[in-house]
$ cat entry20.tsv   # TSV, N, CA and C atoms
chain	number	residue	atom	x	y	z
R	1227	MET	N	154.33	159.31	-16.65
R	1227	MET	CA	154.59	160.17	-17.79
R	1227	MET	C	156.08	160.06	-18.13
R	1228	ILE	N	156.33	159.95	-19.40
R	1228	ILE	CA	157.70	159.79	-19.88
R	1228	ILE	C	158.27	161.14	-20.32
R	1229	ASP	N	159.47	161.42	-19.89
R	1229	ASP	CA	160.20	162.62	-20.28
R	1229	ASP	C	160.51	162.54	-21.76
R	1230	ALA	N	160.05	163.52	-22.53
R	1230	ALA	CA	160.23	163.52	-23.98
R	1230	ALA	C	161.69	163.60	-24.40
R	1231	MET	N	162.56	164.11	-23.54
R	1231	MET	CA	163.98	164.24	-23.90
R	1231	MET	C	164.79	163.00	-23.53
R	1232	THR	N	164.51	162.43	-22.36
R	1232	THR	CA	165.35	161.32	-21.87
R	1232	THR	C	164.72	159.95	-22.07
R	1233	SER	N	163.42	159.92	-22.36
R	1233	SER	CA	162.64	158.68	-22.48
R	1233	SER	C	162.58	157.91	-21.16
R	1234	LYS	N	162.81	158.60	-20.05
R	1234	LYS	CA	162.70	158.02	-18.71
R	1234	LYS	C	161.48	158.64	-18.02
R	1235	PRO	N	160.96	157.97	-17.00
R	1235	PRO	CA	159.81	158.54	-16.27
R	1235	PRO	C	160.17	159.88	-15.62
R	1236	ILE	N	159.22	160.80	-15.64
R	1236	ILE	CA	159.38	162.07	-14.95
R	1236	ILE	C	159.25	161.78	-13.46
R	1237	GLN	N	160.17	162.33	-12.67
R	1237	GLN	CA	160.24	162.03	-11.25
R	1237	GLN	C	160.07	163.28	-10.40
R	1238	VAL	N	159.43	163.11	-9.26
R	1238	VAL	CA	159.41	164.13	-8.22
R	1238	VAL	C	160.71	163.95	-7.44
R	1239	THR	N	161.51	165.00	-7.34
R	1239	THR	CA	162.75	164.92	-6.57
R	1239	THR	C	162.61	165.77	-5.32
R	1240	ASP	N	163.12	165.28	-4.22
R	1240	ASP	CA	163.04	165.99	-2.95
R	1240	ASP	C	164.45	166.11	-2.37
R	1241	GLU	N	165.36	166.61	-3.19
R	1241	GLU	CA	166.77	166.69	-2.81
R	1241	GLU	C	167.17	168.09	-2.33
R	1242	TRP	N	166.27	169.03	-2.39
R	1242	TRP	CA	166.63	170.41	-2.13
R	1242	TRP	C	165.98	170.89	-0.84
R	1243	GLU	N	166.61	171.85	-0.20
R	1243	GLU	CA	166.10	172.40	1.06
R	1243	GLU	C	164.74	173.07	0.89
R	1244	ARG	N	164.50	173.62	-0.27
R	1244	ARG	CA	163.25	174.37	-0.47
R	1244	ARG	C	162.06	173.47	-0.74
R	1245	GLY	N	162.29	172.19	-0.90
R	1245	GLY	CA	161.18	171.27	-1.13
R	1245	GLY	C	161.35	170.47	-2.40
R	1246	ALA	N	160.31	169.78	-2.77
R	1246	ALA	CA	160.35	168.89	-3.93
R	1246	ALA	C	160.21	169.68	-5.23
R	1247	GLU	N	160.73	169.08	-6.29
R	1247	GLU	CA	160.68	169.70	-7.61
R	1247	GLU	C	160.42	168.63	-8.66
R	1248	ILE	N	159.94	169.10	-9.80
R	1248	ILE	CA	159.84	168.27	-10.99
R	1248	ILE	C	160.60	169.00	-12.09
R	1249	TRP	N	161.62	168.36	-12.63
R	1249	TRP	CA	162.35	168.89	-13.78
R	1249	TRP	C	161.80	168.18	-15.01
R	1250	LEU	N	161.39	168.93	-16.02
R	1250	LEU	CA	160.78	168.32	-17.19
R	1250	LEU	C	161.01	169.20	-18.41
R	1251	PRO	N	160.89	168.60	-19.60
R	1251	PRO	CA	161.01	169.40	-20.81
R	1251	PRO	C	159.94	170.50	-20.83
R	1252	PHE	N	160.33	171.68	-21.26
R	1252	PHE	CA	159.40	172.80	-21.34
R	1252	PHE	C	158.17	172.42	-22.16
R	1253	SER	N	158.37	171.58	-23.16
R	1253	SER	CA	157.26	171.17	-24.03
R	1253	SER	C	156.18	170.39	-23.29
R	1254	GLN	N	156.48	169.84	-22.11
R	1254	GLN	CA	155.52	169.07	-21.33
R	1254	GLN	C	154.98	169.84	-20.12
R	1255	LEU	N	155.41	171.07	-19.97
R	1255	LEU	CA	155.04	171.86	-18.79
R	1255	LEU	C	153.53	172.03	-18.65
R	1256	GLU	N	152.85	172.43	-19.69
R	1256	GLU	CA	151.41	172.68	-19.59
R	1256	GLU	C	150.65	171.41	-19.24
R	1257	GLN	N	151.06	170.28	-19.78
R	1257	GLN	CA	150.40	169.01	-19.47
R	1257	GLN	C	150.54	168.67	-17.98
R	1258	VAL	N	151.72	168.84	-17.42
R	1258	VAL	CA	151.93	168.54	-16.01
R	1258	VAL	C	151.21	169.55	-15.13
R	1259	LYS	N	151.21	170.81	-15.50
R	1259	LYS	CA	150.47	171.81	-14.74
R	1259	LYS	C	148.99	171.47	-14.68
R	1260	THR	N	148.43	171.01	-15.78
R	1260	THR	CA	147.03	170.61	-15.82
R	1260	THR	C	146.76	169.46	-14.84
R	1261	LEU	N	147.67	168.47	-14.82
R	1261	LEU	CA	147.52	167.36	-13.88
R	1261	LEU	C	147.57	167.84	-12.44
R	1262	LEU	N	148.51	168.72	-12.14
R	1262	LEU	CA	148.64	169.24	-10.78
R	1262	LEU	C	147.42	170.07	-10.38
R	1263	ASP	N	146.88	170.83	-11.33
R	1263	ASP	CA	145.69	171.62	-11.05
R	1263	ASP	C	144.49	170.72	-10.76
R	1264	GLU	N	144.41	169.59	-11.45
R	1264	GLU	CA	143.29	168.67	-11.25
R	1264	GLU	C	143.24	168.12	-9.81
R	1265	ILE	N	144.39	167.96	-9.18
R	1265	ILE	CA	144.41	167.47	-7.80
R	1265	ILE	C	144.62	168.61	-6.80
R	1266	GLN	N	144.53	169.82	-7.29
R	1266	GLN	CA	144.67	171.03	-6.48
R	1266	GLN	C	145.98	171.07	-5.70
R	1267	ALA	N	147.05	170.64	-6.36
R	1267	ALA	CA	148.38	170.69	-5.76
R	1267	ALA	C	148.86	172.14	-5.71
R	1268	SER	N	149.64	172.43	-4.71
R	1268	SER	CA	150.24	173.74	-4.57
R	1268	SER	C	151.62	173.70	-5.25
R	1269	TYR	N	151.86	174.62	-6.18
R	1269	TYR	CA	153.13	174.63	-6.90
R	1269	TYR	C	153.38	175.99	-7.51
R	1270	TRP	N	154.60	176.21	-7.93
R	1270	TRP	CA	154.94	177.37	-8.75
R	1270	TRP	C	156.03	176.93	-9.72
R	1271	VAL	N	156.07	177.61	-10.84
R	1271	VAL	CA	157.03	177.29	-11.90
R	1271	VAL	C	158.12	178.36	-11.90
R	1272	ASP	N	159.38	177.92	-11.95
R	1272	ASP	CA	160.47	178.89	-12.06
R	1272	ASP	C	160.23	179.76	-13.29
R	1273	GLU	N	160.56	181.03	-13.17
R	1273	GLU	CA	160.33	181.98	-14.26
R	1273	GLU	C	161.21	181.70	-15.47
R	1274	GLU	N	162.36	181.14	-15.24
R	1274	GLU	CA	163.29	180.90	-16.34
R	1274	GLU	C	163.40	179.42	-16.64
R	1275	VAL	N	163.62	179.10	-17.90
R	1275	VAL	CA	163.88	177.72	-18.29
R	1275	VAL	C	165.38	177.59	-18.54
R	1276	ILE	N	165.86	176.36	-18.49
R	1276	ILE	CA	167.29	176.09	-18.60
R	1276	ILE	C	167.54	175.24	-19.83
R	1277	SER	N	168.61	175.53	-20.54
R	1277	SER	CA	169.02	174.70	-21.67
R	1277	SER	C	170.49	174.32	-21.47
R	1278	PHE	N	170.76	173.02	-21.48
R	1278	PHE	CA	172.11	172.52	-21.32
R	1278	PHE	C	172.66	172.08	-22.67
R	1279	ASP	N	173.84	172.57	-23.03
R	1279	ASP	CA	174.53	172.15	-24.24
R	1279	ASP	C	173.66	172.24	-25.49
R	1280	GLY	N	172.86	173.28	-25.59
R	1280	GLY	CA	172.04	173.49	-26.77
R	1280	GLY	C	170.84	172.56	-26.90
R	1281	LYS	N	170.57	171.78	-25.86
R	1281	LYS	CA	169.41	170.88	-25.88
R	1281	LYS	C	168.15	171.67	-25.58
R	1282	PRO	N	166.96	171.06	-25.81
R	1282	PRO	CA	165.70	171.77	-25.53
R	1282	PRO	C	165.62	172.24	-24.07
R	1283	GLU	N	164.82	173.28	-23.86
R	1283	GLU	CA	164.70	173.89	-22.55
R	1283	GLU	C	164.04	172.95	-21.54
R	1284	VAL	N	164.48	173.08	-20.29
R	1284	VAL	CA	163.94	172.33	-19.17
R	1284	VAL	C	163.27	173.32	-18.22
R	1285	ALA	N	162.07	172.98	-17.78
R	1285	ALA	CA	161.34	173.79	-16.81
R	1285	ALA	C	161.41	173.12	-15.45
R	1286	ILE	N	161.25	173.91	-14.40
R	1286	ILE	CA	161.27	173.38	-13.04
R	1286	ILE	C	159.98	173.78	-12.35
R	1287	ILE	N	159.26	172.77	-11.86
R	1287	ILE	CA	158.06	173.00	-11.06
R	1287	ILE	C	158.44	172.77	-9.60
R	1288	ASN	N	158.23	173.77	-8.78
R	1288	ASN	CA	158.51	173.69	-7.35
R	1288	ASN	C	157.24	173.29	-6.63
R	1289	LEU	N	157.32	172.24	-5.82
R	1289	LEU	CA	156.15	171.71	-5.15
R	1289	LEU	C	156.07	172.09	-3.67
R	1290	GLY	N	157.11	172.65	-3.13
R	1290	GLY	CA	157.08	172.98	-1.72
R	1290	GLY	C	156.98	171.72	-0.87
R	1291	ARG	N	156.43	171.85	0.33
R	1291	ARG	CA	156.36	170.70	1.24
R	1291	ARG	C	154.94	170.34	1.65
R	1292	ARG	N	153.95	171.07	1.20
R	1292	ARG	CA	152.58	170.84	1.66
R	1292	ARG	C	151.84	169.77	0.86
R	1293	ASN	N	152.41	169.31	-0.23
R	1293	ASN	CA	151.74	168.35	-1.09
R	1293	ASN	C	152.06	166.92	-0.68
R	1294	ASP	N	151.22	166.01	-1.15
R	1294	ASP	CA	151.47	164.58	-1.00
R	1294	ASP	C	152.33	164.16	-2.19
R	1295	MET	N	153.63	164.08	-1.99
R	1295	MET	CA	154.56	163.80	-3.09
R	1295	MET	C	154.33	162.42	-3.69
R	1296	LYS	N	153.93	161.46	-2.86
R	1296	LYS	CA	153.65	160.12	-3.38
R	1296	LYS	C	152.44	160.15	-4.31
R	1297	GLN	N	151.43	160.94	-3.96
R	1297	GLN	CA	150.26	161.08	-4.82
R	1297	GLN	C	150.65	161.70	-6.16
R	1298	ILE	N	151.48	162.72	-6.11
R	1298	ILE	CA	151.92	163.38	-7.34
R	1298	ILE	C	152.73	162.42	-8.20
R	1299	GLN	N	153.62	161.66	-7.58
R	1299	GLN	CA	154.41	160.70	-8.35
R	1299	GLN	C	153.51	159.63	-8.96
R	1300	ARG	N	152.54	159.14	-8.21
R	1300	ARG	CA	151.60	158.15	-8.75
R	1300	ARG	C	150.85	158.72	-9.94
R	1301	LEU	N	150.45	159.98	-9.85
R	1301	LEU	CA	149.75	160.65	-10.94
R	1301	LEU	C	150.64	160.69	-12.19
R	1302	LEU	N	151.89	161.09	-12.00
R	1302	LEU	CA	152.82	161.13	-13.14
R	1302	LEU	C	153.04	159.74	-13.71
R	1303	ASP	N	153.19	158.75	-12.84
R	1303	ASP	CA	153.43	157.38	-13.29
R	1303	ASP	C	152.24	156.80	-14.05
R	1304	SER	N	151.04	157.24	-13.74
R	1304	SER	CA	149.86	156.68	-14.37
R	1304	SER	C	149.42	157.43	-15.63
R	1305	THR	N	150.12	158.51	-15.96
R	1305	THR	CA	149.77	159.31	-17.13
R	1305	THR	C	150.70	158.95	-18.29
R	1306	PRO	N	150.08	158.59	-19.42
R	1306	PRO	CA	150.92	158.23	-20.58
R	1306	PRO	C	151.66	159.43	-21.18
$ encode --input "entry20.tsv" --output "structure tokens"
Amino acid sequence: MIDAMTSKPIQVTDEWERGAEIWLPFSQLEQVKTLLDEIQASYWVDEEVISFDGKPEVAIINLGRRNDMKQIQRLLDSTP
């Protein structure tokens, strides 16, 4: 799946102590949530969205550590 703001692939990042995250445009949040629900992934979405320098809002999906991050990344990579 391509990030609508950056035109780069959406990535699962595992750089934080609390677990993996997906940062994505708010406009794509529902689509990614649907994909995660289809594979019964465990996740939660931050309550607030972030906007940098007046750009469109970014949402953060927290994946924790119980998911197969490679499976989630493959799912994102295979979705147009």
$ residues_near_point --input "entry20.tsv" --point "(159.4, 161.4, -12.6)" --cutoff "7 Å" --atoms "all atoms listed in the file" --output "list in words"
Met1227, Lys1234, Pro1235, Ile1236, Gln1237, Val1238, Thr1239, Gln1299, Leu1302 and Asp1303 of chain R
$ residues_around --input "entry20.tsv" --residues "Asp1240 of chain R" --least-positions-apart "3" --cutoff "12 Å" --atoms "only C-alpha atoms" --output "VMD selection string"
chain R and resid 1237 1243 to 1249 1287 to 1291 1293 to 1296 1299
$ closest_residue --input "entry20.tsv" --among "R:Leu1261, R:Arg1292, R:Phe1252, R:Met1231" --to "Glu1273 of chain R" --atoms "only C-alpha atoms"
R:Phe1252
$ atom_distance --input "entry20.tsv" --atom1 "atom C of Asp1229 of chain R" --atom2 "atom N of Gly1280 of chain R"
16.8 Å
$ atom_distance --input "entry20.tsv" --atom1 "atom CA of Val1284 of chain R" --atom2 "atom CA of Gln1257 of chain R"
13.9 Å
$ closest_residue --input "entry20.tsv" --among "R:Ser1304, R:Pro1251, R:Tyr1269, R:Asp1263" --to "Pro1282 of chain R" --atoms "only N, CA and C atoms"
R:Pro1251
$ axis_aligned_box --input "entry20.tsv" --around "segment 1279-1296 of chain R" --padding-each-side "3 Å" --output "AutoDock Vina command-line options"
--center_x 162.9 --center_y 167.0 --center_z -12.6 --size_x 29.3 --size_y 19.8 --size_z 34.6
$ atom_distance --input "entry20.tsv" --atom1 "atom CA of Trp1270 of chain R" --atom2 "atom CA of Ile1286 of chain R"
8.6 Å
$ select_by_dssp --input "entry20.tsv" --residues "chain R" --states "strand (DSSP E)" --output "list in words"
Val1238, Thr1239, Asp1240, Glu1241, Trp1242, Gly1245, Ala1246, Glu1247, Ile1248, Trp1249, Leu1250, Pro1251, Trp1270, Val1271, Val1284, Ala1285, Ile1286, Ile1287, Asn1288, Leu1289 and Gly1290 of chain R
$ write_last_selection --input "entry20.tsv" --atoms "N, CA and C atoms" --output "tab-separated table (two decimals), in the frame of the given file"
chain	number	residue	atom	x	y	z
R	1238	VAL	N	159.43	163.11	-9.26
R	1238	VAL	CA	159.41	164.13	-8.22
R	1238	VAL	C	160.71	163.95	-7.44
R	1239	THR	N	161.51	165.00	-7.34
R	1239	THR	CA	162.75	164.92	-6.57
R	1239	THR	C	162.61	165.77	-5.32
R	1240	ASP	N	163.12	165.28	-4.22
R	1240	ASP	CA	163.04	165.99	-2.95
R	1240	ASP	C	164.45	166.11	-2.37
R	1241	GLU	N	165.36	166.61	-3.19
R	1241	GLU	CA	166.77	166.69	-2.81
R	1241	GLU	C	167.17	168.09	-2.33
R	1242	TRP	N	166.27	169.03	-2.39
R	1242	TRP	CA	166.63	170.41	-2.13
R	1242	TRP	C	165.98	170.89	-0.84
R	1245	GLY	N	162.29	172.19	-0.90
R	1245	GLY	CA	161.18	171.27	-1.13
R	1245	GLY	C	161.35	170.47	-2.40
R	1246	ALA	N	160.31	169.78	-2.77
R	1246	ALA	CA	160.35	168.89	-3.93
R	1246	ALA	C	160.21	169.68	-5.23
R	1247	GLU	N	160.73	169.08	-6.29
R	1247	GLU	CA	160.68	169.70	-7.61
R	1247	GLU	C	160.42	168.63	-8.66
R	1248	ILE	N	159.94	169.10	-9.80
R	1248	ILE	CA	159.84	168.27	-10.99
R	1248	ILE	C	160.60	169.00	-12.09
R	1249	TRP	N	161.62	168.36	-12.63
R	1249	TRP	CA	162.35	168.89	-13.78
R	1249	TRP	C	161.80	168.18	-15.01
R	1250	LEU	N	161.39	168.93	-16.02
R	1250	LEU	CA	160.78	168.32	-17.19
R	1250	LEU	C	161.01	169.20	-18.41
R	1251	PRO	N	160.89	168.60	-19.60
R	1251	PRO	CA	161.01	169.40	-20.81
R	1251	PRO	C	159.94	170.50	-20.83
R	1270	TRP	N	154.60	176.21	-7.93
R	1270	TRP	CA	154.94	177.37	-8.75
R	1270	TRP	C	156.03	176.93	-9.72
R	1271	VAL	N	156.07	177.61	-10.84
R	1271	VAL	CA	157.03	177.29	-11.90
R	1271	VAL	C	158.12	178.36	-11.90
R	1284	VAL	N	164.48	173.08	-20.29
R	1284	VAL	CA	163.94	172.33	-19.17
R	1284	VAL	C	163.27	173.32	-18.22
R	1285	ALA	N	162.07	172.98	-17.78
R	1285	ALA	CA	161.34	173.79	-16.81
R	1285	ALA	C	161.41	173.12	-15.45
R	1286	ILE	N	161.25	173.91	-14.40
R	1286	ILE	CA	161.27	173.38	-13.04
R	1286	ILE	C	159.98	173.78	-12.35
R	1287	ILE	N	159.26	172.77	-11.86
R	1287	ILE	CA	158.06	173.00	-11.06
R	1287	ILE	C	158.44	172.77	-9.60
R	1288	ASN	N	158.23	173.77	-8.78
R	1288	ASN	CA	158.51	173.69	-7.35
R	1288	ASN	C	157.24	173.29	-6.63
R	1289	LEU	N	157.32	172.24	-5.82
R	1289	LEU	CA	156.15	171.71	-5.15
R	1289	LEU	C	156.07	172.09	-3.67
R	1290	GLY	N	157.11	172.65	-3.13
R	1290	GLY	CA	157.08	172.98	-1.72
R	1290	GLY	C	156.98	171.72	-0.87
$ residues_around --input "entry20.tsv" --residues "Ile1265 of chain R" --least-positions-apart "3" --cutoff "10 Å" --atoms "only C-alpha atoms" --output "VMD selection string"
chain R and resid 1260 to 1262 1268 1293 1297 to 1298 1301
$ decode --input "entry20.tsv" --residues "segment 1283-1295 of chain R" --atoms "N, CA, C and O atoms" --output "PDB file, in the first residue's frame"
ATOM      1  N   GLU R1283      -3.467  15.293   8.204  1.00  0.00           N
ATOM      2  CA  GLU R1283      -3.278  14.585   9.461  1.00  0.00           C
ATOM      3  C   GLU R1283      -2.706  13.183   9.248  1.00  0.00           C
ATOM      4  O   GLU R1283      -3.012  12.514   8.269  1.00  0.00           O
ATOM      5  N   VAL R1284      -1.896  12.761  10.211  1.00  0.00           N
ATOM      6  CA  VAL R1284      -1.298  11.438  10.233  1.00  0.00           C
ATOM      7  C   VAL R1284      -1.864  10.689  11.434  1.00  0.00           C
ATOM      8  O   VAL R1284      -1.936  11.233  12.532  1.00  0.00           O
ATOM      9  N   ALA R1285      -2.270   9.445  11.203  1.00  0.00           N
ATOM     10  CA  ALA R1285      -2.763   8.586  12.275  1.00  0.00           C
ATOM     11  C   ALA R1285      -1.687   7.562  12.626  1.00  0.00           C
ATOM     12  O   ALA R1285      -0.832   7.246  11.797  1.00  0.00           O
ATOM     13  N   ILE R1286      -1.750   7.055  13.841  1.00  0.00           N
ATOM     14  CA  ILE R1286      -0.792   6.047  14.290  1.00  0.00           C
ATOM     15  C   ILE R1286      -1.562   4.822  14.766  1.00  0.00           C
ATOM     16  O   ILE R1286      -2.420   4.912  15.649  1.00  0.00           O
ATOM     17  N   ILE R1287      -1.238   3.678  14.159  1.00  0.00           N
ATOM     18  CA  ILE R1287      -1.796   2.399  14.583  1.00  0.00           C
ATOM     19  C   ILE R1287      -0.723   1.690  15.400  1.00  0.00           C
ATOM     20  O   ILE R1287       0.385   1.480  14.916  1.00  0.00           O
ATOM     21  N   ASN R1288      -1.041   1.350  16.621  1.00  0.00           N
ATOM     22  CA  ASN R1288      -0.133   0.630  17.515  1.00  0.00           C
ATOM     23  C   ASN R1288      -0.419  -0.856  17.392  1.00  0.00           C
ATOM     24  O   ASN R1288      -1.566  -1.286  17.547  1.00  0.00           O
ATOM     25  N   LEU R1289       0.617  -1.632  17.124  1.00  0.00           N
ATOM     26  CA  LEU R1289       0.448  -3.064  16.904  1.00  0.00           C
ATOM     27  C   LEU R1289       0.878  -3.917  18.088  1.00  0.00           C
ATOM     28  O   LEU R1289       0.633  -5.111  18.102  1.00  0.00           O
ATOM     29  N   GLY R1290       1.515  -3.329  19.064  1.00  0.00           N
ATOM     30  CA  GLY R1290       1.976  -4.127  20.188  1.00  0.00           C
ATOM     31  C   GLY R1290       3.025  -5.136  19.743  1.00  0.00           C
ATOM     32  O   GLY R1290       3.686  -4.963  18.734  1.00  0.00           O
ATOM     33  N   ARG R1291       3.147  -6.234  20.471  1.00  0.00           N
ATOM     34  CA  ARG R1291       4.189  -7.218  20.160  1.00  0.00           C
ATOM     35  C   ARG R1291       3.631  -8.604  19.854  1.00  0.00           C
ATOM     36  O   ARG R1291       4.377  -9.512  19.551  1.00  0.00           O
ATOM     37  N   ARG R1292       2.339  -8.796  19.920  1.00  0.00           N
ATOM     38  CA  ARG R1292       1.762 -10.131  19.750  1.00  0.00           C
ATOM     39  C   ARG R1292       1.497 -10.502  18.299  1.00  0.00           C
ATOM     40  O   ARG R1292       1.145 -11.638  18.016  1.00  0.00           O
ATOM     41  N   ASN R1293       1.631  -9.565  17.390  1.00  0.00           N
ATOM     42  CA  ASN R1293       1.323  -9.812  15.984  1.00  0.00           C
ATOM     43  C   ASN R1293       2.538 -10.302  15.227  1.00  0.00           C
ATOM     44  O   ASN R1293       3.679 -10.110  15.643  1.00  0.00           O
ATOM     45  N   ASP R1294       2.280 -10.901  14.082  1.00  0.00           N
ATOM     46  CA  ASP R1294       3.327 -11.276  13.141  1.00  0.00           C
ATOM     47  C   ASP R1294       3.579 -10.060  12.254  1.00  0.00           C
ATOM     48  O   ASP R1294       2.843  -9.813  11.306  1.00  0.00           O
ATOM     49  N   MET R1295       4.598  -9.278  12.584  1.00  0.00           N
ATOM     50  CA  MET R1295       4.859  -8.021  11.876  1.00  0.00           C
ATOM     51  C   MET R1295       5.207  -8.261  10.411  1.00  0.00           C
ATOM     52  O   MET R1295       4.859  -7.460   9.552  1.00  0.00           O
TER      53      MET R1295
END
